[in-house]
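With mmCIF, C-alpha atoms inside, this is final-v7.cif:
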data_start
loop_
_atom_site.group_PDB
_atom_site.id
_atom_site.type_symbol
_atom_site.label_atom_id
_atom_site.label_comp_id
_atom_site.auth_asym_id
_atom_site.auth_seq_id
_atom_site.Cartn_x
_atom_site.Cartn_y
_atom_site.Cartn_z
ATOM 1 C CA MET U 112 5.491 -9.967 -22.698
ATOM 2 C CA SER U 113 7.004 -7.794 -25.330
ATOM 3 C CA SER U 114 4.937 -5.097 -26.923
ATOM 4 C CA ARG U 115 4.729 -4.587 -30.608
ATOM 5 C CA GLU U 116 6.920 -1.836 -31.869
ATOM 6 C CA GLU U 117 4.194 0.632 -32.671
ATOM 7 C CA ASP U 118 2.947 0.394 -29.084
ATOM 8 C CA PHE U 119 6.006 2.191 -27.810
ATOM 9 C CA GLY U 120 4.693 5.422 -29.194
ATOM 10 C CA CYS U 121 1.733 5.704 -26.828
ATOM 11 C CA GLU U 122 1.881 9.238 -25.598
ATOM 12 C CA GLN U 123 -0.143 8.459 -22.507
ATOM 13 C CA ARG U 124 2.683 6.325 -21.233
ATOM 14 C CA ALA U 125 3.946 9.434 -19.446
ATOM 15 C CA ASP U 126 0.869 9.202 -17.232
ATOM 16 C CA ALA U 127 1.889 5.836 -15.830
ATOM 17 C CA ALA U 128 4.236 7.241 -13.158
ATOM 18 C CA PRO U 129 1.832 9.826 -11.717
ATOM 19 C CA TYR U 130 -0.897 7.192 -11.948
ATOM 20 C CA VAL U 131 0.889 4.579 -9.831
ATOM 21 C CA LEU U 132 1.858 7.287 -7.342
ATOM 22 C CA GLY U 133 -1.809 8.177 -6.955
ATOM 23 C CA ALA U 134 -1.203 11.671 -8.314
ATOM 24 C CA LEU U 135 -2.819 11.563 -11.740
ATOM 25 C CA GLU U 136 -5.890 13.746 -11.801
ATOM 26 C CA GLU U 137 -7.316 11.993 -14.839
ATOM 27 C CA ALA U 138 -6.915 8.596 -13.207
ATOM 28 C CA GLU U 139 -10.375 7.472 -14.215
ATOM 29 C CA SER U 140 -9.866 8.023 -17.927
ATOM 30 C CA TYR U 141 -6.369 6.581 -17.750
ATOM 31 C CA ARG U 142 -7.816 3.490 -16.165
ATOM 32 C CA ARG U 143 -10.102 3.125 -19.148
ATOM 33 C CA HIS U 144 -7.168 3.706 -21.473
ATOM 34 C CA LEU U 145 -5.248 0.921 -19.747
ATOM 35 C CA ALA U 146 -7.883 -1.594 -20.699
ATOM 36 C CA GLY U 147 -6.939 -1.168 -24.336
ATOM 37 C CA CYS U 148 -3.240 -0.283 -24.218
ATOM 38 C CA ALA U 149 -0.700 -3.030 -23.578
ATOM 39 C CA THR U 150 2.185 -0.563 -23.502
ATOM 40 C CA CYS U 151 0.703 1.453 -20.689
ATOM 41 C CA ARG U 152 -0.398 -1.657 -18.833
ATOM 42 C CA ALA U 153 3.141 -2.979 -18.906
ATOM 43 C CA GLU U 154 4.539 0.349 -17.778
ATOM 44 C CA VAL U 155 2.052 0.565 -14.925
ATOM 45 C CA ALA U 156 2.808 -2.984 -13.829
ATOM 46 C CA GLU U 157 6.547 -2.321 -13.769
ATOM 47 C CA LEU U 158 6.304 0.962 -11.928
ATOM 48 C CA GLN U 159 3.742 -0.396 -9.490
ATOM 49 C CA LEU U 160 6.347 -2.846 -8.232
ATOM 50 C CA VAL U 161 8.534 0.092 -7.350
ATOM 51 C CA VAL U 162 5.761 2.036 -5.652
ATOM 52 C CA ASP U 163 4.953 -1.041 -3.583
ATOM 53 C CA THR U 164 8.376 -0.721 -1.975
ATOM 54 C CA LEU U 165 7.842 2.874 -0.835
ATOM 55 C CA PRO U 166 6.081 1.946 2.429
ATOM 56 C CA ALA U 167 9.334 0.236 3.439
ATOM 57 C CA THR U 168 11.032 3.631 3.522
ATOM 58 C CA VAL U 169 8.906 5.123 6.293
ATOM 59 C CA PRO U 170 10.217 5.408 9.845
ATOM 60 C CA PRO U 171 8.897 2.331 11.673
ATOM 61 C CA VAL U 172 6.620 3.060 14.606
ATOM 62 C CA VAL U 173 4.598 0.796 16.874
ATOM 63 C CA ALA U 174 0.846 0.402 16.528
ATOM 64 C CA SER U 175 -0.594 0.906 19.983
ATOM 65 C CA LYS U 176 -2.137 -1.892 21.955
ATOM 66 C CA ALA U 177 -5.316 0.146 22.127
ATOM 67 C CA LEU U 178 -5.535 0.276 18.348
ATOM 68 C CA ARG U 179 -5.095 -3.481 18.042
ATOM 69 C CA GLU U 180 -7.672 -4.087 20.749
ATOM 70 C CA ARG U 181 -10.235 -1.788 19.142
ATOM 71 C CA VAL U 182 -9.854 -3.512 15.803
ATOM 72 C CA LEU U 183 -10.034 -6.964 17.327
ATOM 73 C CA ALA U 184 -13.050 -6.141 19.454
ATOM 74 C CA THR U 185 -14.971 -5.036 16.380
ATOM 75 C CA VAL U 186 -13.880 -8.054 14.398
ATOM 76 C CA ARG U 187 -14.794 -10.469 17.163
ATOM 77 C CA SER U 188 -18.206 -8.958 17.611
ATOM 78 C CA GLU U 189 -18.866 -9.169 13.887
ATOM 79 C CA ALA U 190 -17.572 -12.740 13.768
ATOM 80 C CA ASN U 191 -19.901 -13.738 16.574
ATOM 81 C CA CYS U 192 -23.060 -12.044 15.485
ATOM 82 C CA SER U 193 -23.110 -12.723 11.800
ATOM 83 C CA ALA U 194 -22.214 -15.016 8.994
ATOM 84 C CA PRO U 195 -18.797 -14.727 7.403
ATOM 85 C CA PRO U 196 -18.314 -11.318 5.825
ATOM 86 C CA ALA U 197 -18.212 -12.842 2.383
ATOM 87 C CA ALA U 198 -18.152 -16.080 0.528
ATOM 88 C CA ARG U 199 -15.060 -18.149 0.859
ATOM 89 C CA PRO U 200 -12.621 -17.757 -2.001
ATOM 90 C CA THR U 201 -12.196 -20.566 -4.437
ATOM 91 C CA GLY U 202 -9.622 -22.599 -2.640
ATOM 92 C CA HIS U 203 -6.053 -22.714 -3.648
ATOM 93 C CA GLN U 204 -3.844 -24.274 -1.067
ATOM 94 C CA VAL U 205 -0.259 -23.559 -1.869
ATOM 95 C CA ALA U 206 1.573 -21.338 0.563
ATOM 96 C CA LEU U 207 3.655 -18.540 -0.825
ATOM 97 C CA ASP U 208 6.654 -17.117 0.865
ATOM 98 C CA ALA U 209 5.169 -14.587 3.232
ATOM 99 C CA GLY U 210 8.216 -12.388 2.944
ATOM 100 C CA ASP U 211 7.800 -11.579 -0.708
ATOM 101 C CA HIS U 212 5.734 -8.459 -0.397
ATOM 102 C CA ILE U 213 8.304 -6.160 -1.903
ATOM 103 C CA ALA U 214 8.490 -7.966 -5.186
ATOM 104 C CA CYS U 215 4.852 -8.719 -5.813
ATOM 105 C CA PRO U 216 2.600 -6.852 -8.172
ATOM 106 C CA SER U 217 -0.101 -5.199 -6.215
ATOM 107 C CA TRP U 218 -3.752 -4.529 -6.321
ATOM 108 C CA VAL U 219 -6.112 -3.005 -3.959
ATOM 109 C CA PRO U 220 -9.641 -3.973 -3.039
ATOM 110 C CA ASP U 221 -12.645 -1.806 -3.446
ATOM 111 C CA SER U 222 -13.072 0.620 -0.700
ATOM 112 C CA PRO U 223 -16.089 2.858 -0.356
ATOM 113 C CA SER U 224 -14.539 5.520 -2.543
ATOM 114 C CA ARG U 225 -12.776 3.323 -5.054
ATOM 115 C CA GLN U 226 -12.872 1.209 -8.109
ATOM 116 C CA PRO U 227 -11.578 -2.321 -8.139
ATOM 117 C CA TRP U 228 -8.414 -2.251 -10.040
ATOM 118 C CA ARG U 229 -6.267 0.680 -9.099
ATOM 119 C CA TRP U 230 -6.093 2.971 -6.184
ATOM 120 C CA PRO U 231 -5.641 6.582 -7.259
ATOM 121 C CA SER U 232 -9.095 8.054 -7.427
ATOM 122 C CA ARG U 233 -8.153 11.206 -9.264
ATOM 123 C CA MET A 56 -17.305 -21.941 8.544
ATOM 124 C CA ALA A 57 -18.139 -24.782 10.887
ATOM 125 C CA ARG A 58 -15.724 -27.106 9.210
ATOM 126 C CA LEU A 59 -12.866 -24.634 9.398
ATOM 127 C CA ARG A 60 -13.625 -23.839 12.988
ATOM 128 C CA HIS A 61 -13.290 -27.428 14.059
ATOM 129 C CA GLN A 62 -9.927 -27.939 12.546
ATOM 130 C CA ALA A 63 -6.833 -28.070 14.698
ATOM 131 C CA VAL A 64 -5.522 -24.956 13.000
ATOM 132 C CA HIS A 65 -7.368 -23.109 15.673
ATOM 133 C CA SER A 66 -4.588 -23.170 18.126
ATOM 134 C CA LYS A 67 -2.807 -19.824 17.991
ATOM 135 C CA ASP A 68 0.523 -21.494 17.518
ATOM 136 C CA MET A 69 -0.773 -23.397 14.538
ATOM 137 C CA LEU A 70 -2.232 -20.265 13.044
ATOM 138 C CA ARG A 71 1.061 -18.459 13.439
ATOM 139 C CA LYS A 72 2.721 -21.091 11.310
ATOM 140 C CA LEU A 73 0.434 -20.400 8.381
ATOM 141 C CA ALA A 74 1.428 -18.144 5.533
ATOM 142 C CA ASP A 75 -0.506 -14.910 5.167
ATOM 143 C CA GLU A 76 -2.251 -16.208 2.082
ATOM 144 C CA GLU A 77 -3.566 -19.229 3.968
ATOM 145 C CA LEU A 78 -4.706 -17.065 6.850
ATOM 146 C CA MET A 79 -6.629 -14.894 4.434
ATOM 147 C CA GLN A 80 -8.686 -17.901 3.406
ATOM 148 C CA LEU A 81 -9.661 -18.365 7.033
ATOM 149 C CA VAL A 82 -10.373 -14.671 7.416
ATOM 150 C CA ALA A 83 -12.584 -14.764 4.344
ATOM 151 C CA GLY A 84 -14.533 -17.491 6.098
ATOM 152 C CA GLY A 85 -15.092 -15.252 9.115
ATOM 153 C CA ASP A 86 -12.269 -16.535 11.314
ATOM 154 C CA ALA A 87 -11.391 -13.876 13.876
ATOM 155 C CA ASP A 88 -8.408 -15.806 15.245
ATOM 156 C CA GLY A 89 -6.882 -15.959 11.805
ATOM 157 C CA PHE A 90 -7.488 -12.249 11.469
ATOM 158 C CA GLU A 91 -5.708 -11.633 14.749
ATOM 159 C CA VAL A 92 -2.544 -13.211 13.383
ATOM 160 C CA VAL A 93 -2.745 -11.111 10.220
ATOM 161 C CA LEU A 94 -3.176 -8.065 12.414
ATOM 162 C CA GLU A 95 -0.168 -9.037 14.543
ATOM 163 C CA ARG A 96 1.994 -9.316 11.465
ATOM 164 C CA HIS A 97 1.038 -6.124 9.731
ATOM 165 C CA ALA A 98 -0.258 -3.658 12.307
ATOM 166 C CA ASP A 99 3.062 -1.877 12.792
ATOM 167 C CA ALA A 100 3.744 -1.537 9.080
ATOM 168 C CA ALA A 101 0.209 -0.287 8.472
ATOM 169 C CA PHE A 102 0.335 2.218 11.290
ATOM 170 C CA SER A 103 3.812 3.400 10.274
ATOM 171 C CA LEU A 104 2.642 4.167 6.750
ATOM 172 C CA ALA A 105 -0.517 5.882 7.985
ATOM 173 C CA TYR A 106 1.502 7.958 10.430
ATOM 174 C CA ARG A 107 4.033 8.963 7.796
ATOM 175 C CA ILE A 108 1.231 10.190 5.544
ATOM 176 C CA CYS A 109 -1.146 11.708 8.098
ATOM 177 C CA GLY A 110 1.431 13.043 10.551
ATOM 178 C CA ARG A 111 -0.900 12.754 13.522
ATOM 179 C CA ARG A 112 -1.188 9.789 15.735
ATOM 180 C CA SER A 113 -4.942 9.918 16.229
ATOM 181 C CA VAL A 114 -5.638 10.282 12.521
ATOM 182 C CA ALA A 115 -3.175 7.539 11.652
ATOM 183 C CA GLU A 116 -4.841 5.223 14.164
ATOM 184 C CA ASP A 117 -8.231 5.854 12.596
ATOM 185 C CA VAL A 118 -6.827 5.167 9.158
ATOM 186 C CA ALA A 119 -5.125 1.947 10.241
ATOM 187 C CA GLN A 120 -8.249 0.802 12.057
ATOM 188 C CA GLU A 121 -10.479 1.418 9.034
ATOM 189 C CA ALA A 122 -7.994 -0.343 6.797
ATOM 190 C CA PHE A 123 -7.923 -3.483 8.920
ATOM 191 C CA LEU A 124 -11.688 -3.558 9.185
ATOM 192 C CA ALA A 125 -11.858 -3.260 5.403
ATOM 193 C CA LEU A 126 -9.427 -6.158 5.164
ATOM 194 C CA TRP A 127 -11.621 -8.189 7.488
ATOM 195 C CA ARG A 128 -14.809 -7.400 5.629
ATOM 196 C CA SER A 129 -13.480 -7.886 2.127
ATOM 197 C CA ALA A 130 -10.950 -10.646 2.687
ATOM 198 C CA ALA A 131 -12.676 -12.803 0.104
ATOM 199 C CA ARG A 132 -11.558 -10.350 -2.541
ATOM 200 C CA TYR A 133 -7.920 -10.846 -1.729
ATOM 201 C CA ASP A 134 -6.240 -12.573 -4.656
ATOM 202 C CA ARG A 135 -2.800 -13.938 -3.939
ATOM 203 C CA ALA A 136 -1.978 -14.018 -7.623
ATOM 204 C CA ARG A 137 -1.971 -10.242 -7.610
ATOM 205 C CA GLY A 138 0.230 -9.517 -4.655
ATOM 206 C CA SER A 139 1.140 -10.287 -1.081
ATOM 207 C CA VAL A 140 -1.125 -9.662 1.873
ATOM 208 C CA ARG A 141 1.333 -7.028 3.093
ATOM 209 C CA THR A 142 1.157 -5.126 -0.187
ATOM 210 C CA TRP A 143 -2.614 -5.405 -0.303
ATOM 211 C CA THR A 144 -2.956 -4.156 3.253
ATOM 212 C CA LEU A 145 -0.608 -1.231 2.723
ATOM 213 C CA GLY A 146 -2.476 -0.362 -0.465
ATOM 214 C CA ILE A 147 -5.678 -0.021 1.547
ATOM 215 C CA VAL A 148 -3.871 2.072 4.153
ATOM 216 C CA HIS A 149 -2.405 4.331 1.484
ATOM 217 C CA ASN A 150 -5.794 4.850 -0.157
ATOM 218 C CA ARG A 151 -7.479 5.794 3.042
ATOM 219 C CA ALA A 152 -4.681 7.972 4.315
ATOM 220 C CA ILE A 153 -4.604 9.930 1.059
ATOM 221 C CA ASP A 154 -8.385 10.295 1.153
ATOM 222 C CA VAL A 155 -8.086 11.784 4.623
ATOM 223 C CA LEU A 156 -5.319 14.146 3.514
ATOM 224 C CA ARG A 157 -7.306 15.345 0.554
ATOM 225 C CA ARG A 158 -10.174 16.227 2.793
ATOM 226 C CA ALA A 159 -7.804 18.194 5.020
ATOM 227 C CA SER A 160 -6.636 21.709 4.334
ATOM 228 C CA VAL A 161 -3.778 22.399 1.971
ATOM 229 C CA HIS A 162 -1.849 23.765 4.893
ATOM 230 C CA ASP A 163 -2.051 20.527 6.822
ATOM 231 C CA ARG A 164 -1.206 18.512 3.782
ATOM 232 C CA ARG A 165 1.871 20.533 3.096
ATOM 233 C CA ARG A 166 3.042 20.055 6.629
ATOM 234 C CA ALA A 167 2.364 16.352 6.513
ATOM 235 C CA SER A 168 4.497 15.988 3.424
ATOM 236 C CA ASP A 169 7.450 17.744 4.964
ATOM 237 C CA GLU A 170 10.304 15.549 5.904
ATOM 238 C CA GLY A 171 11.208 15.381 9.540
ATOM 239 C CA LEU A 172 7.698 16.121 10.632
ATOM 240 C CA GLU A 173 7.640 12.958 12.681
ATOM 241 C CA GLU A 174 10.049 14.469 15.129
ATOM 242 C CA SER A 175 8.041 17.605 15.640
ATOM 243 C CA LEU A 176 4.803 15.901 16.576
ATOM 244 C CA GLU A 177 4.011 13.627 19.405
ATOM 245 C CA ALA A 178 6.099 10.696 18.306
ATOM 246 C CA PRO A 179 4.821 7.179 18.803
ATOM 247 C CA GLU A 180 7.211 4.624 20.111
ATOM 248 C CA ARG A 181 9.683 3.465 17.499
ATOM 249 C CA THR A 182 9.807 -0.201 16.742
ATOM 250 C CA ASP A 183 12.892 -2.165 17.404
ATOM 251 C CA ALA A 184 14.978 -1.097 14.475
ATOM 252 C CA GLN A 185 15.889 -4.699 13.770
ATOM 253 C CA ALA A 186 12.294 -5.792 13.566
ATOM 254 C CA MET A 187 11.207 -3.669 10.667
ATOM 255 C CA SER A 188 14.315 -2.358 9.029
ATOM 256 C CA ASN A 189 15.163 -5.566 7.330
ATOM 257 C CA THR A 190 17.789 -5.419 4.668
ATOM 258 C CA ALA A 191 15.355 -4.885 1.857
ATOM 259 C CA ALA A 192 13.625 -1.984 3.559
ATOM 260 C CA GLY A 193 16.959 -0.419 4.376
ATOM 261 C CA GLU A 194 18.046 -0.648 0.795
ATOM 262 C CA VAL A 195 14.882 0.896 -0.538
ATOM 263 C CA ARG A 196 15.333 3.742 1.906
ATOM 264 C CA VAL A 197 18.909 4.286 0.800
ATOM 265 C CA ALA A 198 17.907 4.119 -2.848
ATOM 266 C CA LEU A 199 15.211 6.736 -2.298
ATOM 267 C CA ASP A 200 17.637 8.988 -0.449
ATOM 268 C CA GLU A 201 20.132 8.699 -3.246
ATOM 269 C CA LEU A 202 17.725 9.884 -5.920
ATOM 270 C CA PRO A 203 18.345 13.318 -7.360
ATOM 271 C CA SER A 204 16.534 15.605 -4.961
ATOM 272 C CA GLU A 205 14.026 16.889 -7.520
ATOM 273 C CA GLN A 206 12.972 13.304 -8.310
ATOM 274 C CA LYS A 207 12.746 12.319 -4.677
ATOM 275 C CA ARG A 208 10.707 15.431 -3.950
ATOM 276 C CA VAL A 209 7.995 14.793 -6.523
ATOM 277 C CA ILE A 210 7.692 11.139 -5.519
ATOM 278 C CA GLU A 211 7.315 12.067 -1.860
ATOM 279 C CA LEU A 212 4.878 14.879 -2.509
ATOM 280 C CA ALA A 213 2.727 12.527 -4.558
ATOM 281 C CA TYR A 214 2.896 9.310 -2.588
ATOM 282 C CA PHE A 215 3.222 10.585 0.961
ATOM 283 C CA GLY A 216 1.803 14.065 0.530
ATOM 284 C CA GLY A 217 -1.257 13.162 -1.515
ATOM 285 C CA PHE A 218 -0.706 15.994 -3.964
ATOM 286 C CA THR A 219 -1.777 15.622 -7.570
ATOM 287 C CA HIS A 220 0.656 16.159 -10.408
ATOM 288 C CA THR A 221 -0.983 19.504 -11.187
ATOM 289 C CA GLU A 222 -0.678 20.688 -7.602
ATOM 290 C CA ILE A 223 2.955 19.662 -7.513
ATOM 291 C CA ALA A 224 3.651 21.461 -10.780
ATOM 292 C CA SER A 225 2.191 24.648 -9.389
ATOM 293 C CA MET A 226 3.892 24.321 -5.998
ATOM 294 C CA LEU A 227 7.258 23.898 -7.658
ATOM 295 C CA ASP A 228 6.478 26.322 -10.483
ATOM 296 C CA THR A 229 7.481 23.663 -12.971
ATOM 297 C CA PRO A 230 5.716 22.424 -16.126
ATOM 298 C CA ILE A 231 3.432 19.422 -15.702
ATOM 299 C CA GLY A 232 5.363 17.411 -18.278
ATOM 300 C CA THR A 233 8.558 17.924 -16.307
ATOM 301 C CA ILE A 234 6.889 16.775 -13.105
ATOM 302 C CA LYS A 235 5.603 13.616 -14.756
ATOM 303 C CA GLY A 236 9.035 13.022 -16.213
ATOM 304 C CA ARG A 237 10.725 13.359 -12.835
ATOM 305 C CA MET A 238 8.289 10.889 -11.348
ATOM 306 C CA ARG A 239 9.065 8.392 -14.083
ATOM 307 C CA LEU A 240 12.827 8.879 -13.906
ATOM 308 C CA GLY A 241 12.825 8.565 -10.142
ATOM 309 C CA LEU A 242 10.746 5.389 -10.160
ATOM 310 C CA GLU A 243 12.855 3.896 -12.906
ATOM 311 C CA ARG A 244 16.017 4.601 -11.020
ATOM 312 C CA LEU A 245 14.533 2.956 -7.936
ATOM 313 C CA ARG A 246 13.564 0.023 -10.067
ATOM 314 C CA GLY A 247 17.201 -0.364 -11.067
ATOM 315 C CA HIS A 248 18.180 -0.718 -7.415
ATOM 316 C CA LEU A 249 15.292 -3.071 -6.842
ATOM 317 C CA LYS A 250 16.487 -5.393 -9.558
ATOM 318 C CA ASP A 251 19.957 -5.355 -8.079
ATOM 319 C CA TRP A 252 18.859 -6.583 -4.714
ATOM 320 C CA GLN A 253 16.296 -8.982 -6.088
ATOM 321 C CA ALA A 254 19.168 -10.576 -7.946
ATOM 322 C CA VAL A 255 20.890 -11.037 -4.608
ATOM 323 C CA GLY A 256 17.899 -13.023 -3.430
ATOM 324 C CA ALA A 257 15.454 -10.765 -1.630
#
In structure tokens, what does this structure look like?
Amino acid sequence: MSSREEDFGCEQRADAAPYVLGALEEAESYRRHLAGCATCRAEVAELQLVVDTLPATVPPVVASKALRERVLATVRSEANCSAPPAARPTGHQVALDAGDHIACPSWVPDSPSRQPWRWPSR
Amino acid sequence: MARLRHQAVHSKDMLRKLADEELMQLVAGGDADGFEVVLERHADAAFSLAYRICGRRSVAEDVAQEAFLALWRSAARYDRARGSVRTWTLGIVHNRAIDVLRRASVHDRRRASDEGLEESLEAPERTDAQAMSNTAAGEVRVALDELPSEQKRVIELAYFGGFTHTEIASMLDTPIGTIKGRMRLGLERLRGHLKDWQAVGA
């Protein structure tokens, strides 16, 4: 998608980088701005792809067996004692390449302290 | 749920052949075996990121645990059109780890953002270097290391250190606009590398 020429002048475009890094203090108002600004949305989408690769730079360490077992024990008890945690998604069946995580645009689900569409909360 | 449960996909071997995105459909339907395979695939990456950010094994374990339980409980909200399961999972981990950091003291946060900290704390077992340092990861690491140091610094302070742009500006005694600019320049330079190796077929 190419933006119209006048869009390039958006001065809030400079906020895109700190925003995707989770460092923008005015993240909430920028999020609102994004809804109406194609230039900033495009910038955020591009830079987000880069930020999504940053976890690959950390020194790899092993998650302990105890951690896995704790998580699984909780999950199994919840699976046994209750209905599915949520409704099933509307089914699409096609498998994607599971190795494509670096290149994909990202999003993040709600967590107790967060809004649906982006992760930095300040 | 009943229908899914009675399918042959329930053998572990069958589940392991499924793509992450397919597993997530099972997980959204409450399938703990499907979840176990997702956990197997991403636990190390999730814990590694949490440990890099939090700097303490016990805290990182809590963060990783919470993140996977969030994945389990909100799997139905996963949308493959918006990213891979790996990216989604690591996004949750990053959120939670940064939340924890921001509740911690400035002192701890500064330490956690220092490079080389891993060595000074009780170090968890390293993974087989081959297993996680695939070519792509290695290249991203090299690209980050090759950034001008002032760009690398602001990116690391923000993403791994949990500092806001204002905090970084004051720590480095540098104008806010300059900090934002360094972040953008650094990310754009990384993006250049990214495009190079995507072209090669990553």
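Ranking U:Thr168, U:Gln123, U:Ser140, U:Thr150 by their shortest atom-to-atom distance to chain A, with only C-alpha atoms included, puts U:Thr168 first.
Here the question is which of U:Arg124, U:Ser188, U:Leu160, U:Ala134 gets nearest to A:Ile234 using only C-alpha atoms, and that residue is U:Ala134.
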Next on the checklist: Once the PyMOL selection byres ((chain A and resi 248) around 12) is applied to the coordinates I shared, what remains selected? I want it as a PyMOL selection string.
Outcome noted: (chain U and resi 161+164) or (chain A and resi 191-202+241-247+249-255+257)
Can you pull out every residue within 10 Å of A:Glu222, counting only C-alpha atoms, but drop anything in the same chain fewer than 4 positions away, and send it as a count of residues only? 10
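Using all atoms listed in the file, the smallest distance between any of A:Asp99, A:Glu211, A:Glu91, A:Glu205 and A:Leu126 comes from A:Glu91.
With atom CA of A:Thr229 on one side and atom CA of A:Val209 on the other, the separation reads 11.0 Å.
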A straight line from atom CA of A:Pro230 to atom CA of A:Ala105 spans 29.9 Å
Restricting to only C-alpha atoms, whichever of A:Leu145, A:Ala224, A:Ile153, A:Met79 is closest to U:Val162 is A:Leu145
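Applied to the file shown here, the PyMOL selection byres ((chain A and resi 239) around 9) selects Ala125, Asp126, Ala127, Ala128, Pro129 and Leu158 of chain U; Gln206, Ile234, Lys235, Gly236, Arg237, Met238, Leu240, Gly241, Leu242, Glu243 and Arg244 of chain A.
Candidate residues A:Ala159, A:Ala130, A:Leu78, A:Leu104 were compared for distance to U:Asp163, and the nearest is A:Leu104, using only C-alpha atoms.
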Rebuild stretch 85-104 of chain A so that it carries N, CA and C atoms, then output the result as a tab-separated table (two decimals), in the coordinates of the input.
chain	number	residue	atom	x	y	z
A	85	GLY	N	-14.57	-15.83	7.87
A	85	GLY	CA	-15.09	-15.25	9.12
A	85	GLY	C	-14.30	-15.63	10.36
A	86	ASP	N	-13.07	-16.06	10.18
A	86	ASP	CA	-12.27	-16.54	11.31
A	86	ASP	C	-11.51	-15.39	11.99
A	87	ALA	N	-11.99	-15.02	13.17
A	87	ALA	CA	-11.39	-13.88	13.88
A	87	ALA	C	-10.00	-14.19	14.40
A	88	ASP	N	-9.75	-15.45	14.76
A	88	ASP	CA	-8.41	-15.81	15.24
A	88	ASP	C	-7.38	-15.69	14.13
A	89	GLY	N	-7.77	-16.12	12.96
A	89	GLY	CA	-6.88	-15.96	11.80
A	89	GLY	C	-6.62	-14.49	11.54
A	90	PHE	N	-7.66	-13.69	11.66
A	90	PHE	CA	-7.49	-12.25	11.47
A	90	PHE	C	-6.50	-11.69	12.48
A	91	GLU	N	-6.59	-12.16	13.70
A	91	GLU	CA	-5.71	-11.63	14.75
A	91	GLU	C	-4.24	-11.83	14.38
A	92	VAL	N	-3.93	-12.96	13.77
A	92	VAL	CA	-2.54	-13.21	13.38
A	92	VAL	C	-2.13	-12.28	12.24
A	93	VAL	N	-3.03	-12.06	11.30
A	93	VAL	CA	-2.74	-11.11	10.22
A	93	VAL	C	-2.50	-9.72	10.81
A	94	LEU	N	-3.33	-9.37	11.75
A	94	LEU	CA	-3.18	-8.06	12.41
A	94	LEU	C	-1.82	-7.97	13.12
A	95	GLU	N	-1.47	-9.02	13.86
A	95	GLU	CA	-0.17	-9.04	14.54
A	95	GLU	C	0.98	-8.78	13.57
A	96	ARG	N	0.88	-9.40	12.41
A	96	ARG	CA	1.99	-9.32	11.46
A	96	ARG	C	2.11	-7.96	10.78
A	97	HIS	N	0.99	-7.30	10.59
A	97	HIS	CA	1.04	-6.12	9.73
A	97	HIS	C	0.63	-4.81	10.39
A	98	ALA	N	0.24	-4.87	11.65
A	98	ALA	CA	-0.26	-3.66	12.31
A	98	ALA	C	0.80	-2.55	12.35
A	99	ASP	N	2.02	-2.91	12.70
A	99	ASP	CA	3.06	-1.88	12.79
A	99	ASP	C	3.35	-1.24	11.43
A	100	ALA	N	3.46	-2.08	10.42
A	100	ALA	CA	3.74	-1.54	9.08
A	100	ALA	C	2.60	-0.64	8.62
A	101	ALA	N	1.37	-1.07	8.88
A	101	ALA	CA	0.21	-0.29	8.47
A	101	ALA	C	0.16	1.05	9.21
A	102	PHE	N	0.39	0.98	10.51
A	102	PHE	CA	0.34	2.22	11.29
A	102	PHE	C	1.49	3.14	10.90
A	103	SER	N	2.65	2.58	10.66
A	103	SER	CA	3.81	3.40	10.27
A	103	SER	C	3.53	4.17	8.99
A	104	LEU	N	2.94	3.49	8.02
A	104	LEU	CA	2.64	4.17	6.75
A	104	LEU	C	1.58	5.25	6.97
